[in-house]
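Text of the file data_1.cif, holding mmCIF, C-alpha atoms:
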data_coords
loop_
_atom_site.group_PDB
_atom_site.id
_atom_site.type_symbol
_atom_site.label_atom_id
_atom_site.label_comp_id
_atom_site.auth_asym_id
_atom_site.auth_seq_id
_atom_site.Cartn_x
_atom_site.Cartn_y
_atom_site.Cartn_z
ATOM 1 C CA MET A 18 -49.470 -20.625 -98.439
ATOM 2 C CA SER A 19 -49.464 -21.269 -94.723
ATOM 3 C CA ASP A 20 -51.407 -19.335 -92.157
ATOM 4 C CA THR A 21 -50.016 -19.950 -88.684
ATOM 5 C CA THR A 22 -52.737 -18.022 -86.819
ATOM 6 C CA TYR A 23 -54.795 -21.211 -86.638
ATOM 7 C CA LEU A 24 -51.913 -23.091 -85.044
ATOM 8 C CA SER A 25 -50.611 -20.452 -82.661
ATOM 9 C CA GLU A 26 -54.013 -20.278 -81.002
ATOM 10 C CA MET A 27 -54.624 -24.035 -81.069
ATOM 11 C CA LYS A 28 -57.263 -24.688 -78.465
ATOM 12 C CA GLU A 29 -58.284 -27.883 -76.745
ATOM 13 C CA ILE A 30 -61.214 -29.147 -74.753
ATOM 14 C CA ARG A 31 -59.837 -30.001 -71.327
ATOM 15 C CA VAL A 32 -60.816 -31.529 -68.025
ATOM 16 C CA ASP A 33 -60.232 -29.002 -65.267
ATOM 17 C CA GLU A 34 -62.188 -29.928 -62.177
ATOM 18 C CA SER A 35 -60.642 -27.114 -60.153
ATOM 19 C CA SER A 36 -61.494 -24.405 -62.658
ATOM 20 C CA LYS A 37 -63.181 -21.443 -61.022
ATOM 21 C CA LEU A 38 -65.678 -21.605 -63.877
ATOM 22 C CA PHE A 39 -67.395 -24.357 -61.854
ATOM 23 C CA ASP A 40 -68.014 -22.045 -58.888
ATOM 24 C CA LYS A 41 -71.829 -21.909 -58.764
ATOM 25 C CA ASN A 42 -72.099 -19.246 -56.049
ATOM 26 C CA GLY A 43 -74.642 -16.586 -56.914
ATOM 27 C CA MET A 44 -75.682 -18.222 -60.164
ATOM 28 C CA LEU A 45 -79.271 -18.744 -61.257
ATOM 29 C CA TYR A 46 -80.440 -22.338 -61.664
ATOM 30 C CA LYS A 47 -82.909 -24.289 -63.780
ATOM 31 C CA GLU A 48 -83.358 -27.983 -64.459
ATOM 32 C CA PHE A 49 -85.083 -29.659 -67.364
ATOM 33 C CA ALA A 50 -86.246 -33.094 -68.462
ATOM 34 C CA SER A 51 -84.349 -34.435 -71.483
ATOM 35 C CA ASP A 52 -86.959 -33.570 -74.089
ATOM 36 C CA TYR A 53 -85.379 -32.993 -77.494
ATOM 37 C CA ARG A 54 -88.403 -31.003 -78.727
ATOM 38 C CA GLN A 55 -87.970 -28.457 -75.945
ATOM 39 C CA ILE A 56 -84.276 -27.633 -76.360
ATOM 40 C CA ARG A 57 -84.782 -24.219 -77.912
ATOM 41 C CA TYR A 58 -87.549 -23.400 -75.442
ATOM 42 C CA TYR A 59 -85.286 -24.306 -72.493
ATOM 43 C CA THR A 60 -82.618 -22.113 -74.019
ATOM 44 C CA LEU A 61 -85.007 -19.159 -74.261
ATOM 45 C CA LEU A 62 -85.949 -19.571 -70.590
ATOM 46 C CA ILE A 63 -82.279 -19.114 -69.747
ATOM 47 C CA VAL A 64 -81.383 -16.428 -72.256
ATOM 48 C CA GLN A 65 -84.284 -14.231 -71.165
ATOM 49 C CA SER A 66 -82.216 -13.342 -68.084
ATOM 50 C CA ALA A 67 -79.495 -11.833 -70.243
ATOM 51 C CA PRO A 68 -79.386 -8.017 -70.196
ATOM 52 C CA LEU A 69 -80.470 -6.169 -73.327
ATOM 53 C CA GLU A 70 -77.054 -4.527 -73.701
ATOM 54 C CA ILE A 71 -75.614 -7.824 -74.880
ATOM 55 C CA LYS A 72 -75.182 -7.571 -78.590
ATOM 56 C CA GLU A 73 -75.488 -10.644 -80.770
ATOM 57 C CA ILE A 74 -78.011 -12.214 -78.439
ATOM 58 C CA ASN A 75 -78.927 -14.577 -81.301
ATOM 59 C CA LEU A 76 -75.411 -15.933 -81.253
ATOM 60 C CA LEU A 77 -75.423 -16.348 -77.462
ATOM 61 C CA GLU A 78 -78.752 -18.159 -77.702
ATOM 62 C CA GLN A 79 -77.426 -20.455 -80.396
ATOM 63 C CA GLN A 80 -74.274 -21.314 -78.448
ATOM 64 C CA ILE A 81 -76.260 -22.077 -75.274
ATOM 65 C CA SER A 82 -78.714 -24.174 -77.284
ATOM 66 C CA GLU A 83 -75.822 -26.324 -78.574
ATOM 67 C CA VAL A 84 -74.589 -27.075 -75.068
ATOM 68 C CA ILE A 85 -78.092 -27.958 -73.871
ATOM 69 C CA LYS A 86 -78.595 -30.115 -76.948
ATOM 70 C CA ASN A 87 -75.371 -31.988 -76.214
ATOM 71 C CA ALA A 88 -76.576 -32.639 -72.659
ATOM 72 C CA VAL A 89 -80.090 -33.738 -73.697
ATOM 73 C CA LYS A 90 -79.096 -35.803 -76.700
ATOM 74 C CA HIS A 91 -75.526 -37.023 -76.331
ATOM 75 C CA GLY A 92 -75.371 -36.975 -72.538
ATOM 76 C CA ASN A 93 -78.818 -38.153 -71.483
ATOM 77 C CA GLN A 94 -79.698 -39.924 -74.771
ATOM 78 C CA CYS A 95 -83.068 -38.058 -74.658
ATOM 79 C CA ASN A 96 -84.086 -40.193 -71.668
ATOM 80 C CA PRO A 97 -86.964 -38.191 -70.112
ATOM 81 C CA ASP A 98 -86.095 -39.510 -66.642
ATOM 82 C CA LYS A 99 -82.672 -37.908 -66.829
ATOM 83 C CA LYS A 100 -82.269 -34.263 -65.984
ATOM 84 C CA VAL A 101 -80.187 -31.481 -67.412
ATOM 85 C CA ARG A 102 -79.102 -28.974 -64.780
ATOM 86 C CA VAL A 103 -78.075 -25.481 -65.785
ATOM 87 C CA TRP A 104 -76.453 -22.787 -63.635
ATOM 88 C CA TYR A 105 -76.080 -19.414 -65.313
ATOM 89 C CA SER A 106 -75.216 -15.783 -64.808
ATOM 90 C CA PHE A 107 -75.241 -12.876 -67.217
ATOM 91 C CA ASP A 108 -74.328 -9.223 -67.166
ATOM 92 C CA SER A 109 -73.236 -6.754 -69.807
ATOM 93 C CA THR A 110 -69.629 -7.977 -69.608
ATOM 94 C CA HIS A 111 -70.065 -11.752 -69.454
ATOM 95 C CA ALA A 112 -72.160 -14.887 -69.829
ATOM 96 C CA ARG A 113 -71.231 -17.895 -67.710
ATOM 97 C CA LEU A 114 -72.886 -21.302 -67.550
ATOM 98 C CA VAL A 115 -72.422 -24.723 -66.025
ATOM 99 C CA VAL A 116 -74.410 -27.473 -67.741
ATOM 100 C CA GLN A 117 -74.609 -30.934 -66.188
ATOM 101 C CA ASP A 118 -76.200 -34.093 -67.549
ATOM 102 C CA GLU A 119 -76.622 -37.621 -66.165
ATOM 103 C CA GLY A 120 -74.921 -39.497 -68.975
ATOM 104 C CA ASP A 121 -71.664 -41.434 -69.277
ATOM 105 C CA GLY A 122 -69.508 -38.352 -69.816
ATOM 106 C CA PHE A 123 -67.767 -37.033 -72.932
ATOM 107 C CA LYS A 124 -65.622 -40.127 -73.543
ATOM 108 C CA ASP A 125 -64.529 -39.041 -77.010
ATOM 109 C CA MET A 126 -62.811 -35.875 -75.809
ATOM 110 C CA GLU A 127 -59.307 -37.067 -76.789
ATOM 111 C CA LYS A 128 -60.526 -38.245 -80.187
ATOM 112 C CA TRP A 129 -62.278 -34.930 -80.656
ATOM 113 C CA ASN A 130 -59.099 -32.979 -79.795
ATOM 114 C CA ASP A 131 -57.066 -35.059 -82.271
ATOM 115 C CA PHE A 132 -59.677 -34.467 -84.939
ATOM 116 C CA ASN A 133 -59.749 -30.736 -84.220
ATOM 117 C CA ARG A 134 -55.947 -30.510 -84.291
ATOM 118 C CA LYS A 135 -55.921 -32.090 -87.742
ATOM 119 C CA ARG A 136 -58.723 -29.773 -88.865
ATOM 120 C CA LEU A 137 -56.772 -26.691 -87.751
ATOM 121 C CA GLU A 138 -53.609 -27.944 -89.478
ATOM 122 C CA LEU A 139 -55.492 -28.306 -92.755
ATOM 123 C CA LEU A 140 -57.021 -24.859 -92.316
ATOM 124 C CA SER A 141 -53.584 -23.354 -91.722
ATOM 125 C CA LYS A 142 -52.447 -24.858 -95.011
ATOM 126 C CA HIS A 143 -55.630 -23.696 -96.758
ATOM 127 C CA ASP A 144 -56.063 -27.330 -97.776
ATOM 128 C CA PHE A 145 -59.811 -27.207 -98.378
ATOM 129 C CA GLU A 146 -59.810 -30.509 -100.215
ATOM 130 C CA GLY A 147 -58.286 -32.331 -97.267
ATOM 131 C CA LEU A 148 -60.526 -30.327 -94.967
ATOM 132 C CA ALA A 149 -63.574 -32.008 -96.509
ATOM 133 C CA ASP A 150 -62.883 -35.027 -94.270
ATOM 134 C CA TYR A 151 -62.507 -32.847 -91.182
ATOM 135 C CA VAL A 152 -65.546 -30.569 -91.242
ATOM 136 C CA SER A 153 -67.778 -32.889 -89.228
ATOM 137 C CA PHE A 154 -66.789 -34.972 -86.187
ATOM 138 C CA ARG A 155 -68.714 -38.268 -86.298
ATOM 139 C CA THR A 156 -68.945 -41.120 -83.830
ATOM 140 C CA GLN A 157 -70.877 -44.375 -84.051
ATOM 141 C CA LYS A 158 -73.725 -42.672 -82.246
ATOM 142 C CA SER A 159 -73.962 -39.696 -84.623
ATOM 143 C CA ASP A 160 -77.118 -39.413 -86.678
ATOM 144 C CA ASP A 161 -78.194 -37.313 -89.661
ATOM 145 C CA ASN A 162 -79.239 -34.397 -87.497
ATOM 146 C CA ASP A 163 -75.837 -34.104 -85.837
ATOM 147 C CA GLY A 164 -73.836 -31.426 -87.582
ATOM 148 C CA GLY A 165 -70.643 -32.621 -85.889
ATOM 149 C CA ASN A 166 -69.374 -29.041 -85.747
ATOM 150 C CA ALA A 167 -70.916 -27.515 -82.610
ATOM 151 C CA LEU A 168 -67.841 -27.854 -80.410
ATOM 152 C CA PHE A 169 -65.520 -26.257 -82.999
ATOM 153 C CA ALA A 170 -67.576 -23.082 -82.672
ATOM 154 C CA ALA A 171 -68.014 -23.475 -78.909
ATOM 155 C CA LEU A 172 -64.287 -23.502 -78.294
ATOM 156 C CA GLU A 173 -63.970 -20.248 -80.255
ATOM 157 C CA TYR A 174 -67.060 -18.564 -78.865
ATOM 158 C CA TRP A 175 -66.489 -19.244 -75.138
ATOM 159 C CA ASN A 176 -63.396 -17.075 -75.007
ATOM 160 C CA GLY A 177 -63.064 -17.246 -71.216
ATOM 161 C CA GLY A 178 -62.864 -21.041 -71.193
ATOM 162 C CA PHE A 179 -64.811 -24.227 -71.961
ATOM 163 C CA VAL A 180 -63.872 -27.014 -69.549
ATOM 164 C CA PHE A 181 -65.262 -30.299 -68.283
ATOM 165 C CA ASP A 182 -65.282 -31.703 -64.765
ATOM 166 C CA ARG A 183 -63.583 -35.035 -63.973
ATOM 167 C CA SER A 184 -66.728 -37.083 -64.710
ATOM 168 C CA ARG A 185 -67.036 -35.250 -68.053
ATOM 169 C CA THR A 186 -70.780 -34.878 -67.469
ATOM 170 C CA ALA A 187 -70.542 -31.200 -66.538
ATOM 171 C CA VAL A 188 -69.161 -28.460 -68.703
ATOM 172 C CA ALA A 189 -68.467 -24.880 -67.606
ATOM 173 C CA MET A 190 -68.033 -21.973 -69.943
ATOM 174 C CA LEU A 191 -67.436 -18.249 -69.972
ATOM 175 C CA LYS A 192 -67.965 -15.649 -72.667
ATOM 176 C CA GLN A 193 -66.445 -12.238 -72.065
ATOM 177 C CA PHE A 194 -68.051 -9.462 -74.055
ATOM 178 C CA PRO A 195 -65.893 -6.619 -75.336
ATOM 179 C CA LYS A 196 -66.111 -3.472 -73.217
ATOM 180 C CA LYS A 197 -68.089 -0.657 -74.736
ATOM 181 C CA LYS A 198 -65.897 1.729 -76.656
ATOM 182 C CA HIS A 199 -66.222 5.350 -75.609
ATOM 183 C CA SER A 200 -65.563 8.036 -78.151
ATOM 184 C CA MET A 201 -63.209 9.966 -75.890
ATOM 185 C CA ASN A 202 -59.883 10.906 -77.385
ATOM 186 C CA MET B 19 -88.493 -22.731 -92.205
ATOM 187 C CA GLU B 20 -89.828 -22.181 -95.712
ATOM 188 C CA LEU B 21 -88.092 -23.167 -98.910
ATOM 189 C CA LYS B 22 -88.922 -21.747 -102.318
ATOM 190 C CA ILE B 23 -87.330 -22.636 -105.608
ATOM 191 C CA ARG B 24 -87.055 -20.278 -108.555
ATOM 192 C CA LYS B 25 -85.229 -20.701 -111.825
ATOM 193 C CA ASN B 26 -82.837 -18.331 -113.556
ATOM 194 C CA GLY B 27 -81.571 -19.866 -116.787
ATOM 195 C CA GLU B 28 -79.791 -23.070 -115.780
ATOM 196 C CA ASN B 29 -79.573 -21.968 -112.145
ATOM 197 C CA TYR B 30 -81.985 -23.059 -109.458
ATOM 198 C CA ILE B 31 -82.195 -20.548 -106.630
ATOM 199 C CA ILE B 32 -83.424 -21.895 -103.292
ATOM 200 C CA ASP B 33 -84.716 -19.086 -101.078
ATOM 201 C CA VAL B 34 -84.530 -20.189 -97.458
ATOM 202 C CA ASN B 35 -86.797 -18.305 -95.091
ATOM 203 C CA GLY B 36 -86.705 -18.794 -91.323
ATOM 204 C CA GLU B 37 -84.431 -20.550 -88.847
ATOM 205 C CA MET B 38 -82.020 -23.291 -89.875
ATOM 206 C CA ASP B 39 -82.055 -25.138 -86.583
ATOM 207 C CA LEU B 40 -82.045 -28.658 -85.180
ATOM 208 C CA TYR B 41 -85.734 -29.101 -86.014
ATOM 209 C CA ASN B 42 -85.718 -27.773 -89.581
ATOM 210 C CA SER B 43 -82.384 -28.155 -91.307
ATOM 211 C CA TYR B 44 -83.044 -31.635 -92.686
ATOM 212 C CA LYS B 45 -85.708 -30.108 -94.972
ATOM 213 C CA LEU B 46 -83.114 -28.221 -97.002
ATOM 214 C CA LYS B 47 -80.968 -31.342 -97.267
ATOM 215 C CA GLU B 48 -83.922 -33.398 -98.459
ATOM 216 C CA LEU B 49 -84.957 -30.769 -100.998
ATOM 217 C CA VAL B 50 -81.471 -30.622 -102.524
ATOM 218 C CA MET B 51 -81.272 -34.432 -102.671
ATOM 219 C CA ARG B 52 -84.605 -34.537 -104.521
ATOM 220 C CA MET B 53 -83.397 -31.853 -106.935
ATOM 221 C CA LEU B 54 -80.211 -33.863 -107.559
ATOM 222 C CA GLU B 55 -82.371 -36.862 -108.440
ATOM 223 C CA LYS B 56 -84.108 -34.635 -110.960
ATOM 224 C CA LYS B 57 -80.707 -33.800 -112.478
ATOM 225 C CA VAL B 58 -80.464 -30.202 -111.315
ATOM 226 C CA GLU B 59 -76.817 -29.161 -111.715
ATOM 227 C CA HIS B 60 -76.544 -25.519 -110.626
ATOM 228 C CA PHE B 61 -77.655 -24.571 -107.127
ATOM 229 C CA ILE B 62 -77.764 -21.165 -105.466
ATOM 230 C CA ILE B 63 -78.800 -21.238 -101.826
ATOM 231 C CA ASN B 64 -80.023 -17.808 -100.766
ATOM 232 C CA LEU B 65 -79.768 -17.199 -97.004
ATOM 233 C CA GLU B 66 -80.964 -13.577 -97.119
ATOM 234 C CA SER B 67 -83.982 -14.374 -94.909
ATOM 235 C CA VAL B 68 -82.130 -16.595 -92.445
ATOM 236 C CA ASP B 69 -81.183 -14.912 -89.157
ATOM 237 C CA TYR B 70 -80.464 -18.022 -87.099
ATOM 238 C CA ILE B 71 -78.406 -21.106 -87.806
ATOM 239 C CA ASP B 72 -77.069 -23.797 -85.484
ATOM 240 C CA SER B 73 -74.709 -26.748 -85.854
ATOM 241 C CA SER B 74 -77.446 -28.829 -87.546
ATOM 242 C CA GLY B 75 -77.928 -26.047 -90.124
ATOM 243 C CA ILE B 76 -74.174 -25.816 -90.678
ATOM 244 C CA GLY B 77 -74.137 -29.619 -90.903
ATOM 245 C CA ALA B 78 -76.829 -29.530 -93.590
ATOM 246 C CA LEU B 79 -74.803 -26.993 -95.583
ATOM 247 C CA ILE B 80 -71.653 -29.129 -95.196
ATOM 248 C CA TYR B 81 -73.522 -32.225 -96.384
ATOM 249 C CA ILE B 82 -75.022 -30.404 -99.375
ATOM 250 C CA CYS B 83 -71.715 -28.785 -100.268
ATOM 251 C CA SER B 84 -69.690 -32.010 -100.129
ATOM 252 C CA THR B 85 -72.327 -33.998 -102.041
ATOM 253 C CA ILE B 86 -72.447 -31.417 -104.839
ATOM 254 C CA LYS B 87 -68.630 -31.109 -104.914
ATOM 255 C CA LYS B 88 -68.251 -34.894 -105.239
ATOM 256 C CA MET B 89 -70.684 -34.918 -108.161
ATOM 257 C CA ASN B 90 -68.744 -32.116 -109.854
ATOM 258 C CA LEU B 91 -71.847 -29.932 -109.931
ATOM 259 C CA LYS B 92 -72.079 -26.292 -108.927
ATOM 260 C CA LEU B 93 -73.197 -24.695 -105.683
ATOM 261 C CA ILE B 94 -73.011 -21.147 -104.377
ATOM 262 C CA ILE B 95 -74.295 -19.971 -101.001
ATOM 263 C CA THR B 96 -75.230 -16.314 -100.922
ATOM 264 C CA ASN B 97 -76.409 -13.440 -98.703
ATOM 265 C CA ILE B 98 -74.879 -14.839 -95.512
ATOM 266 C CA HIS B 99 -75.187 -12.166 -92.827
ATOM 267 C CA GLY B 100 -75.477 -11.384 -89.115
ATOM 268 C CA SER B 101 -75.235 -14.222 -86.643
ATOM 269 C CA VAL B 102 -75.325 -16.797 -89.469
ATOM 270 C CA LYS B 103 -72.061 -15.344 -90.738
ATOM 271 C CA LYS B 104 -70.658 -15.291 -87.196
ATOM 272 C CA VAL B 105 -71.422 -18.995 -86.653
ATOM 273 C CA ILE B 106 -69.816 -19.961 -89.966
ATOM 274 C CA GLU B 107 -66.781 -17.839 -89.051
ATOM 275 C CA LEU B 108 -66.523 -19.489 -85.621
ATOM 276 C CA THR B 109 -66.561 -22.862 -87.372
ATOM 277 C CA LYS B 110 -63.886 -21.509 -89.777
ATOM 278 C CA LEU B 111 -65.838 -22.636 -92.816
ATOM 279 C CA MET B 112 -65.928 -19.325 -94.704
ATOM 280 C CA GLY B 113 -63.158 -20.613 -96.977
ATOM 281 C CA TYR B 114 -64.704 -24.061 -97.395
ATOM 282 C CA PHE B 115 -68.117 -22.950 -98.610
ATOM 283 C CA PRO B 116 -68.417 -21.320 -102.044
ATOM 284 C CA ILE B 117 -69.856 -17.938 -101.000
ATOM 285 C CA THR B 118 -70.911 -14.742 -102.767
ATOM 286 C CA ASN B 119 -72.389 -11.516 -101.420
ATOM 287 C CA SER B 120 -75.381 -11.386 -103.761
ATOM 288 C CA ILE B 121 -77.507 -13.485 -106.105
ATOM 289 C CA GLU B 122 -76.233 -11.410 -109.040
ATOM 290 C CA GLU B 123 -72.630 -12.297 -108.160
ATOM 291 C CA ALA B 124 -73.626 -15.938 -107.748
ATOM 292 C CA ILE B 125 -75.243 -16.043 -111.184
ATOM 293 C CA GLN B 126 -72.214 -14.341 -112.715
ATOM 294 C CA GLN B 127 -69.857 -16.907 -111.122
ATOM 295 C CA MET B 128 -72.051 -19.770 -112.306
ATOM 296 C CA ASP B 129 -71.845 -18.474 -115.854
ATOM 297 C CA ASP B 130 -68.049 -17.985 -115.803
#
Let me see the file written as structure tokens.
Amino acid sequence: MSDTTYLSEMKEIRVDESSKLFDKNGMLYKEFASDYRQIRYYTLLIVQSAPLEIKEINLLEQQISEVIKNAVKHGNQCNPDKKVRVWYSFDSTHARLVVQDEGDGFKDMEKWNDFNRKRLELLSKHDFEGLADYVSFRTQKSDDNDGGNALFAALEYWNGGFVFDRSRTAVAMLKQFPKKKHSMN
Amino acid sequence: MELKIRKNGENYIIDVNGEMDLYNSYKLKELVMRMLEKKVEHFIINLESVDYIDSSGIGALIYICSTIKKMNLKLIITNIHGSVKKVIELTKLMGYFPITNSIEEAIQQMDD
């Protein structure tokens, strides 16, 4: 049995320097040292600006935490002298962030896209045996605490876009929340 | 994160309590590996009291699931709900993990 929904909506991580998602006008700003132990705390400092109307705040927190973790760990290699810079804005309809690190950039983007394409193909064929090799993206730098699955979810969650700048050290993302449904007929 | 083990016949139920995040998830992995060394064959991981999971938590579940599958032993993950379910759905792993809605269903499937 084949399920083409996975393929028709095949998404990629892209470089798009000119994306308006990088426009930082009017956004709030915080910067942090690259301290692995503080990742969830940093995330809370950001998420506390989100309005209470946002449902699934846990999920938003988790998705932001992943992006900050990537910057602290994979970008800055947990080097305390390197900063993570975060621009963010929230309202009841959206969450938008730009997260920048001081690392070498996401060099494995093409490899990641190839891996993800293969993963989605296997999913569309419901080939769960084959999928076993494509549930976790590993590089030589991956360690036991890396799930290797954060970006799969990120690409789905950030439904308004998830793009890198040319240096691949900054990523911008937008989540659009569904409008409230009114019970008017 | 707290982990408790209880036994039901041949099945070992691991009750996970707390957040499966980047600081904690390795504990579940380590516990399961120790249980495998002790020749436990039937695992039920109960996520009823887990309201937060991140990619490390998902990674731990993937690792546990593939290890147990390779050894031809049995695993069921149960009581997945709320944002934990959402994260697993976003990662499109609902079909990959052996999942039931309740411990009772898990025990029944183990016995089939």
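Proximity of A:Arg31, A:His91, A:Lys86, A:His111 to chain B, computed with all atoms listed in the file, is greatest for A:Lys86.
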Quick one: apply the PyMOL selection byres ((chain B and resi 118-124) around 7) to the file and drop the selected residues here as a list in words.
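For this structure, the PyMOL selection byres ((chain B and resi 118-124) around 7) captures Ile94, Ile95, Thr96, Asn97, Ile117, Ile125, Gln126, Gln127 and Met128 of chain B.
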Decode the PyMOL selection byres ((chain B) within 6 of (chain A)) for the given file into explicit residues and return them as a list of chain:residue names.
B:Ser73, B:Ser74, B:Gly77, B:Ser101, B:Leu108, B:Thr109, B:Tyr114
Taking the file as shown, what set of residues would the PyMOL selection byres ((chain B and resi 100) around 12) give back, as a ChimeraX atom specification?
/A:72-76 /B:65-71,97-99,101-107
List the spatial neighbours of Asp33 of chain B as a PDB file with C-alpha atoms, in the frame of the given file - criterion: any atom at most 8 Å away, all atoms listed in the file, same-chain residues fewer than 2 positions off excluded.
ATOM      1  CA  LEU B  21     -88.092 -23.167 -98.910  1.00  0.00           C
ATOM      2  CA  LYS B  22     -88.922 -21.747-102.318  1.00  0.00           C
ATOM      3  CA  ILE B  23     -87.330 -22.636-105.608  1.00  0.00           C
ATOM      4  CA  ARG B  24     -87.055 -20.278-108.555  1.00  0.00           C
ATOM      5  CA  ILE B  31     -82.195 -20.548-106.630  1.00  0.00           C
ATOM      6  CA  ASN B  35     -86.797 -18.305 -95.091  1.00  0.00           C
ATOM      7  CA  ILE B  63     -78.800 -21.238-101.826  1.00  0.00           C
ATOM      8  CA  ASN B  64     -80.023 -17.808-100.766  1.00  0.00           C
ATOM      9  CA  LEU B  65     -79.768 -17.199 -97.004  1.00  0.00           C
ATOM     10  CA  GLU B  66     -80.964 -13.577 -97.119  1.00  0.00           C
ATOM     11  CA  SER B  67     -83.982 -14.374 -94.909  1.00  0.00           C
TER      12      SER B  67
END
